[in-house]
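One structure is given below, encoded as structure tokens.
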Amino acid sequence: MLDFFFIATKGGLVLWSKAYGPSQSSPINSLIQNVLIEERSGTQIYYKDNHAIKWTFVNDLDLVFIAVYPKSLGLTYIDTLLQAASSQFSELYGGKILRRSQIPQLKGWGVHFEALLQTIEDQDALKTKQPRKFEQTTGYANTLAFAKAKPEDHREPLKPSLVDEEEFRRNVELLKKKTASPRMGGRKANKAKSPIGSPVIGSEASSLKRGKEGRKWDGKISAKDAKSLDYSNSDGNEFVKPDHLVDQGGMGQHTKDGTYNVADLEASDDESYSDDESEEEYTKISARSLQAKKPAAEGGLMSFFKSMTGQKEMTAENLEPVMSKMKEHLVNKNVAADIAQHLCDSVAKGLIGETLGNFKSVQSHVKQSMETALKRILTPKSSVDLLRDIAQAQAEKRPYTVVFIGVNGVGKSTNLSKTAFWLLQNNMKVLIAACDTFRSGAVEQLRVHVRNLKALEANAVVDLYEKGYGKDSAAIAKEAISSAKLTGHDVVLIDTAGRMQDNDPLMRALAKLVTVNNPDKIIFVGEALVGNEAVDQLTKFNAALKDFSGLANPRHIDGMILTKFDTIDDKVGAALSMTYTTGQPILFVGTGQTYTDLKNMKVSHVVQSLLRE
Amino acid sequence: MAILPSRIIILDNEYLTLALLFALVILVGIAASTLLGGKRNSKNAVLITGLPFAGKTVMHYLINNDQVVETVTSMKENEANAVLVEGKAPLHMIDIPGHERLRFKFSEFMPIARSIVFVVDSATVARQTRVLAEYLYEILSNKFAQEEKIPVLIACNKSDLLTAFKKERIQTMLEAEINKLRQTRTAALDTQDSEGNENVFLGFEGQDFSFQDLENEVEFIECSAENKDIEGVKDWIVAMSS
């Protein structure tokens, strides 16, 4: 049974809702926050607690229809219901809703919906009742297939048996000789032999004629079973698998409630706009506000013009070519392929049904909504103000700990020292823990960095905590943190060994380091050069932190540093792939070789680079 | 010689059509510029914003339709024209979603903003001080807010709840938090391809932050959208728009 049906505007106004069970709107809010706003609506279904939620958009009216039902019931008619309800609703009340100044009154929709639900449920019941007859169950089909198959198999061997009974006898003799040895293989042969010995006509003869047939006979039943099982499985897989994949993509990487957009990025966005750019913005916005105003002021005239200019509605068909081009474009910008696909699906979903504005091409409209989508994804949803976090830790009189993780050779140590330099500029006392006990020269590298940093700033407090090679890195980090507490260091930066995401023992070691020390921030260092691999790296690192931790609330990557950003020109796709995969912000980008080449990422810059032809 | 006058006549005709075209272009230009320019100068937008679940959309509909509505998290901004005082030009009310990913939208509306209503959930303010202050800081340090001195009303919503904080308490909490933020924000790294430090310093240096120090007018008001108790907010909007 349906739990909850719900109609709202995209603006958040609930137009109509009906609860069939204990009502609560929390799954809906979390659906909106975690799926719809995050541009993950390419997925079909969302699971929250015990609920399964499905939804559909009516884009020309800016409406969203949401149906909630118990997870345990695989209701098949939900899609039909959503479709029918949304089309009927927009037919009945579309005009009213377009007049936005008022809250639309929905007279009679309740009755209407009940009737609709009833018919759809009845239809479904009809459909679902029939298969309950034994003749239509898969079990019956299997037994039938099995029953049919048996006589066939009997018949088959019969024919050849008529041809050469002599050869069969010879074969039996041979087999007997062969299986005389009491080895493992012998058993099989014995089994094969037993039917021969039995007086079931000379038919089995032929089975042995082919030598290997015996084995086939042996495994006949299980093979059949397996075969039929296989079929059902593969069938099921074809339908279920994509859903599962999609779901994981949509749900797996959600993180706890984020907190805010970084002021730095956004504010400076505006500030750094050149004059004519902000001029452009002016006109854009005034045009926009005009658009918003006009229908109210001179609706009649506007609609006349609309019909004159021939607005067209966007459909899946006319979006398809534009979307595939957009996807290709994104892939060319080094965005991971499946992420480009997801994103395009999600954007397309948000556009289908929308009517195109005057003198606008589908392409420009798609580009515009892609821009908003990209902006949404790249804008951090949790604080990236590291200094504020450190201040908090200082107030609590404990050192702030940051772990740098990543694959080999992406620049963990380099960017760790850049971060250290920045912290030193802000009068922090920094302790660097050399927990790369694996690669030779790692500790020496850090020692050089510490020496340089000390030389750069007259009274900088930066020290190295090292215990040489081959030791347990988790223990070293632990000691470093406790020593920082004693010596009064504000920040502990923990350098770890680079590891490939598939290297199980090393990933376990990393998870241990994180679990034992529970650092304040886990920063993933990734190359901007990486393409499809980015997704794999991040998901596997996250999975390792989760699976090997043994904690109820495992940690995950809290932020990323994108290195070698100066080498990629406008192929900035990795930034998108990474933020989309983890939902976490890019804290810094590395833009060069010196200590000062660590920057905050500018969202508008990345969005522009991504969309540039 | 006989041909020449006819040529002149043709030329005259051309001049006429040219002149007519020219006049038309100018007229269209004037119409467009007055429309656009009028919008730009009028700046009659009132932005309603704040954190998620603060009650922005409820307040938006309460102001526009005088009705308390049921809402969920907004995915899109709500816009409406509200006539708060009879006989005055309607105000362009914009309710901006509070979700972190959508917040960047507020900066798109800043150029046309007349005033900003920042809605705060008085009951959860203690838990959210930092997030709240960060968003408020973002708004106050916005280029347009600085240049145009856009007034900000901090509407302490849900004041009817038992756990609600008083507005004075909220003010001191926010001031203390912004004080800390000022330090960390000015020390943050530069953004890509930007020159120098672009951060704005709110208030006076060497002195604890206080809303009084700002050039923007910042006011605190207790209200409760649930109980239709938002007269103070309406009055403030009207006062700022006149």
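Naming scheme: A, B, ... for chains in displayed order of the structure tokens; residues 1 onward per chain; ligands 1 onward as shown.
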Could you find all residues in stretch 416-468 of chain A that DSSP calls strand (DSSP E) from the backbone, and write them as number ranges by chain?
A: 430-435, 462-465
With a distance cut-off of 9 Å and only C-alpha atoms, select the neighbouring residues of B:Ile63, excluding the residue or stretch itself and same-chain residues fewer than 5 positions from it, and output the selection as a list in words.
Val58, Ala82, Leu84, Met93, Ile230 and Lys234 of chain B
Restrict the calculation to only C-alpha atoms, then for each residue of chain B with any atom at most 8 Å from an atom of chain A give the closest atom pair and their distance in Å to one decimal, rows by chain and rising residue number, as CSV.
residue,atom,partner,partner_atom,distance
B:Leu36,CA,A:Ser286,CA,6.4
B:Lys39,CA,A:Ser286,CA,6.2
B:Arg40,CA,A:Ser286,CA,6.7
B:Thr57,CA,A:Gly12,CA,7.0
B:Asn64,CA,A:Ser101,CA,7.9
B:Asn65,CA,A:Gln102,CA,6.8
B:Val69,CA,A:Leu13,CA,7.1
B:Glu70,CA,A:Val14,CA,5.5
B:Thr71,CA,A:Leu13,CA,4.7
B:Val72,CA,A:Gly12,CA,4.9
B:Thr73,CA,A:Gly12,CA,5.4
B:Ser74,CA,A:Gly12,CA,4.0
B:Met75,CA,A:Lys10,CA,5.1
B:Lys76,CA,A:Gly11,CA,4.7
B:Glu77,CA,A:Gly11,CA,5.6
B:Asn78,CA,A:Gly11,CA,5.4
B:Glu79,CA,A:Ala292,CA,7.3
B:Ala80,CA,A:Ser101,CA,6.0
B:Asn81,CA,A:Ser101,CA,7.2
B:Pro97,CA,A:Gly11,CA,7.9
B:His99,CA,A:Gln33,CA,7.4
B:Glu100,CA,A:Lys381,CA,4.9
B:Arg101,CA,A:Arg376,CA,5.1
B:Leu102,CA,A:Arg376,CA,6.2
B:Arg103,CA,A:Asn261,CA,7.0
B:Phe104,CA,A:Glu266,CA,6.7
B:Ser107,CA,A:Asp270,CA,7.5
B:Glu108,CA,A:Ile285,CA,7.2
B:Phe109,CA,A:Ile285,CA,7.0
B:Pro111,CA,A:Tyr282,CA,6.5
B:Ile112,CA,A:Ser286,CA,7.5
B:Val131,CA,A:Thr259,CA,5.7
B:Glu134,CA,A:Ala263,CA,7.0
B:Tyr135,CA,A:Tyr260,CA,6.8
B:Tyr137,CA,A:Ala263,CA,7.3
B:Glu138,CA,A:Ala263,CA,4.8
B:Ser141,CA,A:Ala267,CA,7.0
B:Asn142,CA,A:Ala267,CA,5.5
B:Lys143,CA,A:Glu271,CA,5.8
B:Lys180,CA,A:Arg388,CA,7.4
B:Leu181,CA,A:Arg388,CA,6.8
B:Thr184,CA,A:Leu387,CA,5.4
B:Arg185,CA,A:Asp264,CA,7.2
B:Ala187,CA,A:Asn426,CA,6.7
B:Ala188,CA,A:Leu387,CA,7.6
B:Leu189,CA,A:Lys599,CA,5.8
B:Asp190,CA,A:Lys599,CA,5.6
B:Thr191,CA,A:Asn600,CA,4.4
B:Gln192,CA,A:Lys599,CA,5.7
B:Ser194,CA,A:Ser272,CA,7.1
B:Glu198,CA,A:Ser268,CA,6.6
B:Asn199,CA,A:Ser268,CA,7.3
Quick one: residues within 12 Å of stretch 327-337 of chain A, only C-alpha atoms counted, chain neighbours fewer than 3 positions away excluded, as a VMD selection string?
chain A and resid 319 to 324 340 to 348 366 to 367 370 to 371 374 527 to 537 568 to 581 606 to 613
Need the shell around A:Gly409: protein/DNA/RNA residues with any atom at most 10 Å away, counting only C-alpha atoms. Skip same-chain ones fewer than 4 positions apart. Format as a PyMOL selection string?
chain A and resi 413-414+497-499+525-527
Hey, can you spit out that residue selection with C-alpha atoms as a short mmCIF file (atom, residue, chain, number, x, y, z; two decimals), in the first residue's frame?
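Output (out_11.cif):
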data_model
loop_
_atom_site.label_atom_id
_atom_site.label_comp_id
_atom_site.auth_asym_id
_atom_site.auth_seq_id
_atom_site.Cartn_x
_atom_site.Cartn_y
_atom_site.Cartn_z
CA SER A 413 54.05 15.60 0.88
CA THR A 414 54.44 18.63 -1.36
CA ALA A 497 52.47 6.59 2.27
CA GLY A 498 50.93 6.68 -1.16
CA ARG A 499 48.99 3.56 -1.99
CA VAL A 525 45.09 14.46 -2.44
CA GLY A 526 44.32 13.85 -6.10
CA GLU A 527 45.83 14.83 -9.38
#
Near stretch 446-455 of chain A, within 7 Å and counting only C-alpha atoms, which residues show up once chain neighbours fewer than 5 positions away are dropped, as an MDAnalysis selection string?
chainID A and resid 417 421 460 462:464
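Here the question is which of B:Cys223, B:Ala126, B:Met110, B:Ala239 gets nearest to B:Ile139 using only C-alpha atoms, and that residue is B:Met110.
For the set A:Val516, A:Leu82, A:Ile432, A:Leu456, the residue with the smallest atom-to-atom gap to A:Ser483 is A:Ile432, counting only C-alpha atoms.
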Going by DSSP on the backbone, which bits of stretch 460-556 of chain A are helix (DSSP H, G or I)? Write them as number ranges by chain, please.
A: 473-487, 504-517, 533-547
Excluding A:Asn517 and residues on its chain fewer than 4 positions from it, collect all residues at most 12 Å away from it, counting only C-alpha atoms, and give them as a ChimeraX atom specification.
/A:399-403,473-482,492,494,510-513,521-522,549,555
Would you put the residues from that selection into a file with N, CA and C atoms, as a CSV table (one decimal), in the first residue's frame?
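Writing done, so here's again-v4.csv:
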chain,number,residue,atom,x,y,z
A,399,PRO,N,45.5,19.6,19.9
A,399,PRO,CA,46.0,19.8,18.5
A,399,PRO,C,45.0,19.4,17.5
A,400,TYR,N,44.9,20.1,16.4
A,400,TYR,CA,44.1,19.8,15.3
A,400,TYR,C,44.8,18.9,14.3
A,401,THR,N,44.2,17.8,14.0
A,401,THR,CA,45.0,16.8,13.2
A,401,THR,C,44.4,16.7,11.8
A,402,VAL,N,45.3,16.6,10.8
A,402,VAL,CA,44.9,16.5,9.4
A,402,VAL,C,45.7,15.3,8.8
A,403,VAL,N,45.0,14.4,8.2
A,403,VAL,CA,45.7,13.3,7.5
A,403,VAL,C,45.6,13.5,6.0
A,473,SER,N,52.7,2.9,11.1
A,473,SER,CA,52.4,4.3,10.9
A,473,SER,C,51.3,4.8,11.9
A,474,ALA,N,50.3,4.0,12.1
A,474,ALA,CA,49.3,4.4,13.1
A,474,ALA,C,49.9,4.7,14.4
A,475,ALA,N,50.8,3.9,14.9
A,475,ALA,CA,51.4,4.2,16.2
A,475,ALA,C,52.2,5.5,16.2
A,476,ILE,N,52.9,5.7,15.1
A,476,ILE,CA,53.7,6.9,15.0
A,476,ILE,C,52.8,8.2,15.0
A,477,ALA,N,51.7,8.1,14.3
A,477,ALA,CA,50.8,9.2,14.3
A,477,ALA,C,50.2,9.5,15.7
A,478,LYS,N,49.9,8.4,16.4
A,478,LYS,CA,49.4,8.5,17.7
A,478,LYS,C,50.4,9.2,18.6
A,479,GLU,N,51.7,8.7,18.6
A,479,GLU,CA,52.7,9.4,19.4
A,479,GLU,C,52.9,10.8,19.0
A,480,ALA,N,52.8,11.1,17.7
A,480,ALA,CA,53.0,12.5,17.3
A,480,ALA,C,51.9,13.4,17.9
A,481,ILE,N,50.7,12.9,17.9
A,481,ILE,CA,49.6,13.7,18.4
A,481,ILE,C,49.8,14.0,19.9
A,482,SER,N,50.2,12.9,20.6
A,482,SER,CA,50.3,13.1,22.1
A,482,SER,C,51.5,14.0,22.4
A,492,VAL,N,48.7,19.2,13.7
A,492,VAL,CA,49.5,18.1,13.4
A,492,VAL,C,49.1,17.6,11.9
A,494,ILE,N,49.6,14.9,9.2
A,494,ILE,CA,50.1,13.6,9.1
A,494,ILE,C,50.3,13.2,7.6
A,510,LEU,N,45.8,2.0,6.3
A,510,LEU,CA,45.3,3.3,6.3
A,510,LEU,C,44.1,3.5,7.2
A,511,ALA,N,43.2,2.5,7.0
A,511,ALA,CA,42.0,2.5,7.8
A,511,ALA,C,42.3,2.5,9.3
A,512,LYS,N,43.3,1.7,9.6
A,512,LYS,CA,43.8,1.6,11.0
A,512,LYS,C,44.3,2.9,11.5
A,513,LEU,N,45.1,3.5,10.7
A,513,LEU,CA,45.7,4.8,11.1
A,513,LEU,C,44.5,5.8,11.4
A,521,LYS,N,40.4,16.1,10.1
A,521,LYS,CA,40.2,16.2,8.7
A,521,LYS,C,40.9,15.1,8.0
A,522,ILE,N,40.2,14.4,7.1
A,522,ILE,CA,40.9,13.5,6.2
A,522,ILE,C,40.9,14.1,4.8
A,549,SER,N,37.3,-0.1,9.1
A,549,SER,CA,37.4,0.6,10.4
A,549,SER,C,36.8,-0.2,11.5
A,555,ARG,N,34.6,6.9,9.4
A,555,ARG,CA,35.0,8.2,8.8
A,555,ARG,C,35.0,8.1,7.2
Which polymer residues have any atom within 10 Å of an atom of B:Glu217, counting only C-alpha atoms, with same-chain residues fewer than 2 positions away left out, as a PyMOL selection string?
chain B and resi 115+149-153+211-215+219+240
Compare A:Ile339, A:Ala393, A:Leu116, A:Ala420 by their minimum atom-to-atom distance to A:Thr582, counting only C-alpha atoms, and give me the closest one.
A:Ile339
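The space between atom CA of A:Phe57 and atom CA of B:Gly55 spans 24.0 Å.
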